[in-house]
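I have placed the structure first, in the form of C-alpha cells, so that the comments after it can refer back to it.
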Amino acid sequence: MARRSVLQSVQRAMRIAAALLSSQYAYMLEYRAEIALWALSGVLPLIMLAVWQGSDGAAAAGLTPQGLGRYFLAAFVVRQFSVVWLIHVFEEDALQGKLSPQLLQPLQPLWRYLAAHVAEQATRVPFVALMLAGVVVLQPEWLWLPSPGQLLLGIVAIQAAFVMRFLLQTLVAMLCFWSERAAALDRLLLIPYLFLSGLVAPLESFPPAVRRLAECTPFPAMVSFPAKLLAGESVDVGAGFLNIALWCAVLFPLSRLLWRAGVRRYSAMGA
Amino acid sequence: MAHRVRRYWRSLLSFWATSMEAELEYQLNLLIELVAVLGNLAGSLFVLVLLAGPRGELGGWSWNSALVVLGIYTLLDGFTSCVLQPNLSKIVSHVQNGTLDFVLLKPIDSQFWLSTRSFSPWGLPGVVAGIALIGWALAHSEEALSLGGMALALALLTAGGLILYSLWFLLAGLSIWFVKVWNATEVLRYTLVAGRYPISAYPPALRVLFTLVLPVAFLTTVPAEALLGRASAAWALGSLTAASISLVATRLFWQFALRHYTSASS
Amino acid sequence: MSEAIVLAEGLSKSFRVADKQPGLAGTVRHALRRRYRDVEAVRELSFAIQPGEVVGFLGPNGAGKTTTLKMLSGLIHPSGGRVQVAGCQPQRRQERFLQQITLVMGNRQQLIWDLPPLDSLRVNAAVYGIDAIEAKRRITELADMLELGEELHRPVRKLSLGQRMKAELLAALLHQPAVLFLDEPTLGLDVNAQARVRDFLADYNRRTGATVLLTSHYMGDITALCERVLLIHQGRLFHDGSLDALTSRLAPCREVRLELRQVHAREAFERFGTVEAHQGHQVRLLIPRDQLTQQVGLLLSRFEVVDLEVSDPPIEELIGGLFRQQG
C-alpha cells in the first residue's frame with residue numbers, strides 16, 4: 001500500500017468523522033424521548049442551588065445569592081454537556097460480542113463511541129435550553145448573558161472536561177475485558193466526582209485543607225473550572241487548561257496501553 | 001381464603017430465595033455496594049456540614065435533626081435498590097420481550113408479581129446505614145419518643161415507602177404504552193435526592209412543589225418530624241391520606257394499563 | 001356428545017394501527033392529525049374442541065394463528081364473537097381458569113436465565129400451590145418422560161436450545177393443566193430435538209388426556225401429532241378436519257407413475273386418468289382418489305407393468321400453492 005500523504009490522511013479522517021457524526025446523530029434523534037429524560041435527570045445542581053440559597057453556609061463562605069445562581073446554572077449546563085456513559089454501552093457490547101465486527105474494521109472502535117457522545121450532546125441542546133428557560137422564567141434575576149469571550153472559553157472548557165472524563169471512563173471501561181462487573185467500579189468513581197468537583201457544593205465553601213486535597217484530583221476541572229468560566233467568576237484560565245492537559249497526557253497513553261492489552265485478551269478468549 | 005394467603009406467602013418466599021440466589025453469585029458486588037453506600041454517606045455528611053454553616057442549622061433544623069432526615073433518605077434509597085429498582089425496571093423488558101404474557105397467565109395477581117418478583121441484597125447496606133444513622137441521631141437528641149409516638153413514626157415511614165412505591169410503579173407502568181421512555185424512573189431517582197434535606201431548607205415555591213407535585217416532603221421530612229417527637233396532626237393525616245390514595249391509584253392504573261395491553265377497550 | 005372444552009363462535013380480532021409515514025415530516029403530520037387503519041387479524045372463527053383432542057393450527061406467518069391462541073388463553077380480548085375455555089371466559093383470567101391452562105412459546109421462555117430449571121420449578125410449585133412432595137413426584141415423572149436428568153441442575157443459559165425447550169415444557173406442565181396452548185414449540189430445534197418433543201407431546205396426551213392446541217408452520221409437527229387441523233389463512237378458517245381430508249380437498253387426485261415393458265400409445269392411457277407425461281416406457285397419470293384402486297387394478301391387468309408408484313403431491317406444496325393462489 002502506498003504511503004499516504006498527510007493531506008490524504010486528514011481528508012480521510014474528516015470523511016470518517018463526518019460519516020460517523022451524521023449517522024450517530026440520526027440514531028440519537030430516534031431516541032430523543034429517552035435523551036430528553038436523561039437531560040431532565042441532570043437536575044441535581046438546580047436542587048443544590050435551591051438548598052444553598054439562604055443557607056447559613058453560603059453566607060459564611062461569602063457566596064452571594066446572585067453568584068450562587070450563576071454558578072449552579074453554569075454547573076448545570078457543564079454537566080449536561082460533559083456527561084459520559086461509555087462504560088454502560090461498552091460493557092454491554094463487550095459482553096454480547098458486538099465488539100467483534102467493530103474490531104474487524106480499520107477504525108478504532110472508541111472513535112465510534114466518542115462520535116455517539118458528541119451526537120447525543122447535540123440532541124440534548126433543545127431540551128437543556130428548555131430547562132434553562134423554565135428556570136429563568138421562575139427566577140429572572142438569575143438570568144445573565146456571558147460575554148462572547150467568556151462563552152467561547154466556557155464551551156472550550158466544557159469540551160476539554162468532557163474529553164478528560166471520557167478518557168478516565170475509557171480506563172475503567174477497559175477493565176470490561178477482565179471482569180464482568182467493571183461498571184460497578186465506575187459507580188465508585190462517581191462519588192468523588194459528585195462531591196469534589198463542585199457539582200453539589202462550590203469549592204469556595206470547602207475548608208482550605210479539603211479544597212487543596214480536591215484540587216490535586218482531576219474532579220474540580222470537570223465542573224468547577226468550566227462553570228466558573230461561564231459564570232464570569234475570576235479564575236486562572238491558563239492554569240486550569242494546563243491542569244486538564246496534564247491529566248489528559250497521563251490518561252491517554254494509559255488507556256491506549258490498556259486497550260491493546262484488553263483487545264489481545266478479548267481475541268484470545270475467542271470472542 | 002387462608003389457602004390463598006398461604007400460596008401468596010409461599011410464592012413471595014420462593015421469589016426472593018431464587019432472586020437472591022441469582023445475585024449472590026457476584027460477591028464482589030457486596031464490597032462495592034458497601035464502599036459506595038459509605039462513600040455517599042460521608043459525602044452527604046460533608047455537604048451537610050458545609051450547608052449548616054457555623055451555627056449548625058439548616059432551614060431551622062438543628063444538625064442532629066437534619067441527620068435524621070438524611071438517615072431516612074438513605075433508608076428509602078436502600079429500599080429502592082432492594083425492591084423497587086430490581087422489580088419495576090423489569091416491566092419495560094417484559095413488554096419488549098413479550099414475557100409479560102407469562103406473568104399474566106400465572107394464577108397470581110400480576111401487580112403483586114411484578115412488584116415483588118425480585119429482591120436485590122445490594123440495597124441492604126443502604127438500609128442498614130440509614131437505620132444506623134437514624135438511631136445515632138435519635139440517641140443524641142433531647143426528645144424521647146413515647147410508644148405511641150414510635151408507632152406513629154413507623155406508620156409515617158411506611159406511608160412514605162408506599163408513596164415511593166406508587167411513584168415508581170406509575171412511572172414504570174407507563175412502558176406499557178411508551179417503551180422509549182423506560183428511563184423515567186431514573187429521572188425520579190435523581191429528583192428525589194431533594195429528600196436528603198428538610199423541606200424547610202428550600203424556598204417556599206419549591207416547598208409547594210415538593211409537597212403537592214413530587215411528594216418528597218412525605219417521604220423524609222414528615223417521618224423525621226414524627227421520629228423527633230414533633231409530628232403535626234395535619235401533616236401526619238396528609239401523609240397517610242396520600243399513601244392510601246396513591247396505592248389505590250396504582251391499582252386503578254394497572255388495571256387500566258392491562259386493559260390496554262390486552263386491547264380490551266378496542 | 002360431551003361438553004366441548006374449547007369453544008369459539010364467530011371469533012374476530014381487528015387491531016387499530018396508527019398510519020404513520022416515516023421520517024420527521026411524517027412524525028409532525030401524525031402528531032397534528034392522527035390517521036388509523038384497521039387490520040383484521042382474525043375473522044369469524046368458529047370451532048369446538050373436545051377434551052383430549054390434539055389440534056393443530058396451520059397457516060403461513062401472519063395468518064392469525066398466534067392471535068387466535070392468545071385469544072383462547074385470554075391474553076387478548078376479542079373484537080367480536082365469543083370464546084369459552086374449560087367453562088370460563090379466558091379474558092377474565094380467573095384463578096380457576098389459569099390453573100387449568102398453560103402456554104408455551106417457542107420464541108420466548110419463562111425459565112429464569114441464570115439459574116437451573118429446578119429453581120424456576122420451585123417458584124412455579126409455590127405459585128400454583130403444589131406442595132413440595134407432590135411437586136417433586138411430578139418433576140421426576142415429567143423429567144423421565146422428557147429424558148431430562150442433570151440438565152435440571154445446570155443454569156438455563158448453559159443448556160442447548162433443545163434441552164431448554166424440554167425444560168420449558170416441564171415447567172409449563174408441573175400444575176397438570178387440562179389445556180395446553182403451544183405456540184411454535186419446535187421453533188429452531190434440530191431434527192432430533194423436534195422428534196423428541198413431538199414424541200413427548202403425543203405420549204403426554206395419551207397418558208393424561210390433556211387437550212393440546214398447537215400452532216406451527218412446520219408440517220412435521222402437524223403430521224406427527226394432530227388428528228385434526230384448523231387451517232387459517234388471512235384470518236379465516238379455511239379447513240377444519242383431518243389432514244387427509246385437507247389433502248383430498250386440496251388435491252383430489254393422486255399421482256401414479258408407471259414403468260412398462262412395452263411402449264404403448266398415449267391414447268391407451270387416457271381412459272384411466274389425466275396423462276401428465278408420456279415418454280417411452282414411462283407414463284405419469286393423475287387419477288382421482290375415489291377411482292384410484294379401481295383404475296390401478298385395471299392398469300395392472302391390462303398392461304405389463306414393471307414398476308408402479310403411487311404418491312401424493314407433498315402437503316407443503318399443496319398448502320403453499322393454495323396460499324400463493326389466494327394471497
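Residues are referred to by chain and number: the chain letter is A, B, ... according to the order shown in the C-alpha cells, the number counts from 1 in that chain, and ligands are numbered separately from 1 in the order shown.
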Practice task
Up to 9 Å from chain C, what residues of chain B turn up? Count only C-alpha atoms and give them as a PyMOL selection string.
Solution key: chain B and resi 3-4+6-15+18+21-22+97-99+101-108+259+261-266
Output the contact residues of chain A with respect to chain C at a cut-off of 12 Å, based on only C-alpha atoms, as a compact mmCIF listing (two decimals) with N, CA and C atoms, in the first residue's frame.
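Wrote it out as out_20.txt, contents follow:
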# COMPACT_ATOMS: atom_id res chain seq x y z
N ALA A 26 -28.42 10.88 13.51
CA ALA A 26 -29.71 10.31 13.08
C ALA A 26 -30.18 9.26 14.07
N LEU A 29 -31.49 10.87 17.24
CA LEU A 29 -32.80 11.50 17.06
C LEU A 29 -33.92 10.51 17.31
N GLU A 30 -33.69 9.24 16.97
CA GLU A 30 -34.69 8.22 17.20
C GLU A 30 -34.97 8.05 18.69
Taking only C-alpha atoms into account and nothing else, which residues of chain B lie no more than 9 Å away from chain A? Please answer as a PDB file with N, CA and C atoms, in the first residue's frame.
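That gives us out09.pdb:
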ATOM      1  N   TYR B  26     -22.303 -13.003  42.592  1.00  0.00           N
ATOM      2  CA  TYR B  26     -21.318 -11.942  42.430  1.00  0.00           C
ATOM      3  C   TYR B  26     -20.991 -11.338  43.782  1.00  0.00           C
ATOM      4  N   LEU B  28     -18.277  -9.845  44.818  1.00  0.00           N
ATOM      5  CA  LEU B  28     -17.544  -8.576  44.780  1.00  0.00           C
ATOM      6  C   LEU B  28     -18.509  -7.406  44.901  1.00  0.00           C
ATOM      7  N   ASN B  29     -19.731  -7.638  44.424  1.00  0.00           N
ATOM      8  CA  ASN B  29     -20.744  -6.592  44.472  1.00  0.00           C
ATOM      9  C   ASN B  29     -20.962  -6.075  45.874  1.00  0.00           C
ATOM     10  N   ILE B  32     -18.367  -3.603  46.830  1.00  0.00           N
ATOM     11  CA  ILE B  32     -18.536  -2.345  46.109  1.00  0.00           C
ATOM     12  C   ILE B  32     -19.720  -1.572  46.656  1.00  0.00           C
ATOM     13  N   GLU B  33     -20.835  -2.284  46.914  1.00  0.00           N
ATOM     14  CA  GLU B  33     -22.025  -1.610  47.441  1.00  0.00           C
ATOM     15  C   GLU B  33     -21.732  -0.976  48.791  1.00  0.00           C
ATOM     16  N   VAL B  35     -18.843   0.021  50.015  1.00  0.00           N
ATOM     17  CA  VAL B  35     -17.995   1.207  49.836  1.00  0.00           C
ATOM     18  C   VAL B  35     -18.819   2.352  49.259  1.00  0.00           C
ATOM     19  N   ALA B  36     -19.680   2.038  48.284  1.00  0.00           N
ATOM     20  CA  ALA B  36     -20.490   3.088  47.652  1.00  0.00           C
ATOM     21  C   ALA B  36     -21.414   3.747  48.672  1.00  0.00           C
ATOM     22  N   GLY B  39     -19.349   5.771  51.093  1.00  0.00           N
ATOM     23  CA  GLY B  39     -18.807   6.946  50.428  1.00  0.00           C
ATOM     24  C   GLY B  39     -19.865   8.014  50.242  1.00  0.00           C
ATOM     25  N   ASN B  40     -21.042   7.582  49.775  1.00  0.00           N
ATOM     26  CA  ASN B  40     -22.138   8.527  49.575  1.00  0.00           C
ATOM     27  C   ASN B  40     -22.552   9.190  50.880  1.00  0.00           C
ATOM     28  N   GLY B  43     -19.915  11.708  51.915  1.00  0.00           N
ATOM     29  CA  GLY B  43     -20.029  12.915  51.096  1.00  0.00           C
ATOM     30  C   GLY B  43     -21.222  13.759  51.507  1.00  0.00           C
ATOM     31  N   SER B  44     -22.378  13.089  51.722  1.00  0.00           N
ATOM     32  CA  SER B  44     -23.581  13.838  52.107  1.00  0.00           C
ATOM     33  C   SER B  44     -23.394  14.527  53.439  1.00  0.00           C
ATOM     34  N   PHE B  46     -20.608  15.541  54.665  1.00  0.00           N
ATOM     35  CA  PHE B  46     -19.686  16.646  54.398  1.00  0.00           C
ATOM     36  C   PHE B  46     -20.451  17.852  53.865  1.00  0.00           C
ATOM     37  N   VAL B  47     -21.310  17.614  52.862  1.00  0.00           N
ATOM     38  CA  VAL B  47     -22.076  18.713  52.282  1.00  0.00           C
ATOM     39  C   VAL B  47     -23.002  19.322  53.323  1.00  0.00           C
ATOM     40  N   VAL B  49     -22.469  19.508  56.492  1.00  0.00           N
ATOM     41  CA  VAL B  49     -21.623  20.364  57.343  1.00  0.00           C
ATOM     42  C   VAL B  49     -21.410  21.714  56.685  1.00  0.00           C
ATOM     43  N   LEU B  50     -21.108  21.683  55.384  1.00  0.00           N
ATOM     44  CA  LEU B  50     -20.883  22.938  54.670  1.00  0.00           C
ATOM     45  C   LEU B  50     -22.131  23.808  54.672  1.00  0.00           C
ATOM     46  N   LEU B  51     -23.285  23.168  54.423  1.00  0.00           N
ATOM     47  CA  LEU B  51     -24.526  23.931  54.338  1.00  0.00           C
ATOM     48  C   LEU B  51     -24.916  24.522  55.682  1.00  0.00           C
ATOM     49  N   ALA B  52     -24.663  23.740  56.737  1.00  0.00           N
ATOM     50  CA  ALA B  52     -25.148  24.161  58.040  1.00  0.00           C
ATOM     51  C   ALA B  52     -24.385  25.358  58.584  1.00  0.00           C
ATOM     52  N   GLY B  53     -23.222  25.605  58.056  1.00  0.00           N
ATOM     53  CA  GLY B  53     -22.502  26.811  58.449  1.00  0.00           C
ATOM     54  C   GLY B  53     -22.070  26.783  59.905  1.00  0.00           C
ATOM     55  N   PRO B  54     -21.646  27.951  60.399  1.00  0.00           N
ATOM     56  CA  PRO B  54     -21.085  27.994  61.759  1.00  0.00           C
ATOM     57  C   PRO B  54     -22.100  27.672  62.847  1.00  0.00           C
ATOM     58  N   ARG B  55     -23.408  27.957  62.565  1.00  0.00           N
ATOM     59  CA  ARG B  55     -24.393  27.710  63.632  1.00  0.00           C
ATOM     60  C   ARG B  55     -24.920  26.287  63.622  1.00  0.00           C
ATOM     61  N   GLY B  56     -24.581  25.558  62.604  1.00  0.00           N
ATOM     62  CA  GLY B  56     -25.030  24.177  62.548  1.00  0.00           C
ATOM     63  C   GLY B  56     -26.529  24.044  62.365  1.00  0.00           C
ATOM     64  N   GLU B  57     -27.100  24.893  61.508  1.00  0.00           N
ATOM     65  CA  GLU B  57     -28.553  24.856  61.300  1.00  0.00           C
ATOM     66  C   GLU B  57     -28.849  24.863  59.814  1.00  0.00           C
ATOM     67  N   LEU B  58     -29.880  24.121  59.429  1.00  0.00           N
ATOM     68  CA  LEU B  58     -30.303  24.118  58.034  1.00  0.00           C
ATOM     69  C   LEU B  58     -31.811  24.262  57.978  1.00  0.00           C
ATOM     70  N   GLY B  59     -32.287  25.379  57.423  1.00  0.00           N
ATOM     71  CA  GLY B  59     -33.728  25.585  57.311  1.00  0.00           C
ATOM     72  C   GLY B  59     -34.417  25.540  58.656  1.00  0.00           C
ATOM     73  N   LYS B 180     -40.150   3.718  24.849  1.00  0.00           N
ATOM     74  CA  LYS B 180     -38.980   4.575  24.674  1.00  0.00           C
ATOM     75  C   LYS B 180     -38.661   5.427  25.887  1.00  0.00           C
ATOM     76  N   VAL B 181     -39.593   5.581  26.826  1.00  0.00           N
ATOM     77  CA  VAL B 181     -39.268   6.392  27.998  1.00  0.00           C
ATOM     78  C   VAL B 181     -39.041   5.510  29.210  1.00  0.00           C
ATOM     79  N   TRP B 182     -38.308   4.411  28.990  1.00  0.00           N
ATOM     80  CA  TRP B 182     -38.053   3.477  30.062  1.00  0.00           C
ATOM     81  C   TRP B 182     -37.260   4.106  31.198  1.00  0.00           C
ATOM     82  N   ASN B 183     -36.501   5.173  30.932  1.00  0.00           N
ATOM     83  CA  ASN B 183     -35.655   5.735  31.983  1.00  0.00           C
ATOM     84  C   ASN B 183     -36.366   6.792  32.809  1.00  0.00           C
ATOM     85  N   ALA B 184     -37.703   6.848  32.720  1.00  0.00           N
ATOM     86  CA  ALA B 184     -38.437   7.813  33.532  1.00  0.00           C
ATOM     87  C   ALA B 184     -38.182   7.577  35.013  1.00  0.00           C
ATOM     88  N   GLU B 186     -35.442   6.636  36.289  1.00  0.00           N
ATOM     89  CA  GLU B 186     -34.136   7.210  36.618  1.00  0.00           C
ATOM     90  C   GLU B 186     -34.293   8.682  36.960  1.00  0.00           C
ATOM     91  N   VAL B 187     -35.126   9.381  36.173  1.00  0.00           N
ATOM     92  CA  VAL B 187     -35.385  10.794  36.467  1.00  0.00           C
ATOM     93  C   VAL B 187     -35.940  10.919  37.873  1.00  0.00           C
ATOM     94  N   LEU B 188     -36.867  10.025  38.208  1.00  0.00           N
ATOM     95  CA  LEU B 188     -37.456  10.059  39.540  1.00  0.00           C
ATOM     96  C   LEU B 188     -36.381   9.923  40.598  1.00  0.00           C
ATOM     97  N   ARG B 189     -35.490   8.952  40.393  1.00  0.00           N
ATOM     98  CA  ARG B 189     -34.449   8.719  41.384  1.00  0.00           C
ATOM     99  C   ARG B 189     -33.564   9.952  41.555  1.00  0.00           C
ATOM    100  N   TYR B 190     -33.254  10.609  40.452  1.00  0.00           N
ATOM    101  CA  TYR B 190     -32.381  11.775  40.524  1.00  0.00           C
ATOM    102  C   TYR B 190     -33.077  12.988  41.112  1.00  0.00           C
ATOM    103  N   THR B 191     -34.388  13.099  40.933  1.00  0.00           N
ATOM    104  CA  THR B 191     -35.065  14.260  41.511  1.00  0.00           C
ATOM    105  C   THR B 191     -35.370  14.045  42.980  1.00  0.00           C
ATOM    106  N   VAL B 193     -33.478  13.103  45.164  1.00  0.00           N
ATOM    107  CA  VAL B 193     -32.363  13.436  46.055  1.00  0.00           C
ATOM    108  C   VAL B 193     -32.683  14.677  46.879  1.00  0.00           C
ATOM    109  N   ALA B 194     -33.694  15.420  46.424  1.00  0.00           N
ATOM    110  CA  ALA B 194     -34.101  16.596  47.193  1.00  0.00           C
ATOM    111  C   ALA B 194     -34.540  16.198  48.596  1.00  0.00           C
ATOM    112  N   TYR B 197     -32.533  16.671  52.311  1.00  0.00           N
ATOM    113  CA  TYR B 197     -32.558  17.807  53.237  1.00  0.00           C
ATOM    114  C   TYR B 197     -33.989  18.106  53.649  1.00  0.00           C
ATOM    115  N   ALA B 201     -35.604  23.798  54.124  1.00  0.00           N
ATOM    116  CA  ALA B 201     -34.359  24.352  53.583  1.00  0.00           C
ATOM    117  C   ALA B 201     -34.556  24.914  52.189  1.00  0.00           C
ATOM    118  N   TYR B 202     -35.703  24.598  51.590  1.00  0.00           N
ATOM    119  CA  TYR B 202     -35.960  25.049  50.224  1.00  0.00           C
ATOM    120  C   TYR B 202     -36.804  26.309  50.214  1.00  0.00           C
ATOM    121  N   PRO B 203     -36.695  27.123  49.146  1.00  0.00           N
ATOM    122  CA  PRO B 203     -37.563  28.306  49.041  1.00  0.00           C
ATOM    123  C   PRO B 203     -39.030  27.902  48.972  1.00  0.00           C
ATOM    124  N   LEU B 206     -40.633  26.018  45.976  1.00  0.00           N
ATOM    125  CA  LEU B 206     -40.227  24.617  45.845  1.00  0.00           C
ATOM    126  C   LEU B 206     -40.870  23.750  46.914  1.00  0.00           C
TER     127      LEU B 206
END
Problem - Spatial neighbours of segment 288-300 of chain C, 8 Å, only C-alpha atoms, chain gap at least 5 places, as a VMD selection string - result: chain C and resid 248 252 to 254 272 to 273 305
Exercise for the section: Show which residues sit within 6 Å of segment 78-88 of chain A, as a PyMOL selection string. Count only C-alpha atoms, and ignore same-chain residues fewer than 6 positions away. Expected result: chain A and resi 121+158+162+173
Handout entry: Residues within 12 Å of segment 246-259 of chain A, only C-alpha atoms, excluding chain neighbours under 6 positions, as a ChimeraX atom specification
Key = /A:103,108-110,160-178,216-222,239-240,265-266
File of the preceding selection, C-alpha atoms, as a PDB file, in the first residue's frame:
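The result, stored in out_32.pdb:
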ATOM      1  CA  LEU A 103     -12.626  -4.739  15.671  1.00  0.00           C
ATOM      2  CA  GLN A 108     -10.520   2.336  16.375  1.00  0.00           C
ATOM      3  CA  PRO A 109     -13.930   1.465  17.938  1.00  0.00           C
ATOM      4  CA  LEU A 110     -13.557   4.114  20.623  1.00  0.00           C
ATOM      5  CA  ALA A 160     -11.954  19.777  27.474  1.00  0.00           C
ATOM      6  CA  ALA A 161     -13.579  18.497  30.651  1.00  0.00           C
ATOM      7  CA  PHE A 162     -15.662  16.118  28.540  1.00  0.00           C
ATOM      8  CA  VAL A 163     -12.575  14.705  26.844  1.00  0.00           C
ATOM      9  CA  MET A 164     -10.871  14.229  30.197  1.00  0.00           C
ATOM     10  CA  ARG A 165     -13.912  12.454  31.628  1.00  0.00           C
ATOM     11  CA  PHE A 166     -14.138  10.320  28.512  1.00  0.00           C
ATOM     12  CA  LEU A 167     -10.513   9.253  28.877  1.00  0.00           C
ATOM     13  CA  LEU A 168     -10.997   8.476  32.545  1.00  0.00           C
ATOM     14  CA  GLN A 169     -14.016   6.349  31.828  1.00  0.00           C
ATOM     15  CA  THR A 170     -12.185   4.656  28.970  1.00  0.00           C
ATOM     16  CA  LEU A 171      -9.662   3.417  31.521  1.00  0.00           C
ATOM     17  CA  VAL A 172     -12.425   1.915  33.623  1.00  0.00           C
ATOM     18  CA  ALA A 173     -14.184   0.544  30.532  1.00  0.00           C
ATOM     19  CA  MET A 174     -11.038  -1.334  29.535  1.00  0.00           C
ATOM     20  CA  LEU A 175     -11.455  -3.381  32.695  1.00  0.00           C
ATOM     21  CA  CYS A 176     -14.502  -4.931  30.989  1.00  0.00           C
ATOM     22  CA  PHE A 177     -12.077  -7.182  29.202  1.00  0.00           C
ATOM     23  CA  TRP A 178     -11.074  -8.705  32.515  1.00  0.00           C
ATOM     24  CA  CYS A 216      -4.980  17.514  43.471  1.00  0.00           C
ATOM     25  CA  THR A 217      -7.611  15.355  41.807  1.00  0.00           C
ATOM     26  CA  PRO A 218      -8.963  15.807  38.262  1.00  0.00           C
ATOM     27  CA  PHE A 219     -12.501  16.342  39.566  1.00  0.00           C
ATOM     28  CA  PRO A 220     -12.626  20.122  40.080  1.00  0.00           C
ATOM     29  CA  ALA A 221     -11.516  20.529  36.477  1.00  0.00           C
ATOM     30  CA  MET A 222     -14.638  18.629  35.432  1.00  0.00           C
ATOM     31  CA  ALA A 239      -3.552  27.101  34.923  1.00  0.00           C
ATOM     32  CA  GLY A 240      -6.954  25.474  34.539  1.00  0.00           C
ATOM     33  CA  ARG A 265      -7.239 -10.829  25.785  1.00  0.00           C
ATOM     34  CA  TYR A 266     -10.622 -10.433  24.078  1.00  0.00           C
TER      35      TYR A 266
END
Exercise for the section: Once DSSP has gone over the backbone, tell me which residues of segment 14-219 of chain B are in strand (DSSP E or B), as a PyMOL selection string. Expected result: chain B and resi 57-58+61-62
Just C-alpha atoms for this one: save the residues we selected as a PDB file, in the first residue's frame.
ATOM      1  CA  GLU B  57     -28.553  24.856  61.300  1.00  0.00           C
ATOM      2  CA  LEU B  58     -30.303  24.118  58.034  1.00  0.00           C
ATOM      3  CA  TRP B  61     -33.488  22.337  61.681  1.00  0.00           C
ATOM      4  CA  SER B  62     -30.693  21.506  64.073  1.00  0.00           C
TER       5      SER B  62
END
Got a sec: who's within 8 Å of segment 221-229 of chain B, counting only C-alpha atoms, leaving out chain neighbours fewer than 5 positions off, as a PDB file with C-alpha atoms, in the first residue's frame?
ATOM      1  CA  SER B  65     -32.467  16.657  63.272  1.00  0.00           C
ATOM      2  CA  VAL B  68     -32.496  12.052  60.854  1.00  0.00           C
ATOM      3  CA  VAL B  69     -33.746  13.312  57.501  1.00  0.00           C
ATOM      4  CA  ILE B  72     -34.451   8.291  56.332  1.00  0.00           C
ATOM      5  CA  LEU B 138     -32.080   9.948  67.865  1.00  0.00           C
ATOM      6  CA  SER B 141     -31.497  14.185  70.536  1.00  0.00           C
ATOM      7  CA  GLU B 143     -36.693  14.399  72.833  1.00  0.00           C
ATOM      8  CA  ALA B 144     -37.556  10.880  73.903  1.00  0.00           C
ATOM      9  CA  LEU B 145     -40.241   9.084  71.947  1.00  0.00           C
ATOM     10  CA  GLY B 149     -45.038   8.353  69.043  1.00  0.00           C
ATOM     11  CA  MET B 150     -42.903   5.441  67.846  1.00  0.00           C
ATOM     12  CA  LEU B 152     -46.896   6.952  64.524  1.00  0.00           C
ATOM     13  CA  ALA B 153     -43.339   7.385  63.256  1.00  0.00           C
ATOM     14  CA  LEU B 154     -43.297   3.835  61.890  1.00  0.00           C
ATOM     15  CA  LEU B 156     -45.460   7.519  58.586  1.00  0.00           C
ATOM     16  CA  LEU B 157     -42.275   5.791  57.440  1.00  0.00           C
ATOM     17  CA  GLY B 160     -43.513   7.262  52.826  1.00  0.00           C
ATOM     18  CA  GLY B 195     -35.316  14.460  50.073  1.00  0.00           C
ATOM     19  CA  TYR B 197     -32.558  17.807  53.237  1.00  0.00           C
ATOM     20  CA  PRO B 198     -35.542  19.021  55.297  1.00  0.00           C
ATOM     21  CA  ILE B 199     -38.241  20.704  53.275  1.00  0.00           C
ATOM     22  CA  VAL B 216     -40.706  14.482  48.798  1.00  0.00           C
ATOM     23  CA  TRP B 235     -49.092  16.615  58.100  1.00  0.00           C
ATOM     24  CA  ALA B 236     -49.451  13.115  59.543  1.00  0.00           C
ATOM     25  CA  SER B 239     -49.221  11.674  54.647  1.00  0.00           C
TER      26      SER B 239
END
Exercise for the section: Give the answer as one residue: which of C:Arg154, C:His233, C:Arg35, C:His30 has the shortest atom-to-atom distance to Gly64 of chain C, using only C-alpha atoms? Expected result: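 Of all the options, C:His233 lies closest to Gly64 of chain C.
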Problem - Near-segment 142-147 of chain C list (8 Å; only C-alpha atoms; drop same-chain fewer than 6 positions) as a VMD selection string - result: chain C and resid 166 170 196 to 197 200
Practice task
Select from segment 151-218 of chain A everything DSSP, run on the backbone, classes as alpha helix (DSSP H), then give the selection as a ChimeraX atom specification.
Solution key: /A:151-174,182-196,208-215
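Atom to atom, atom CA of Gly52 of chain C and atom CA of Met165 of chain C stand 22.6 Å apart.
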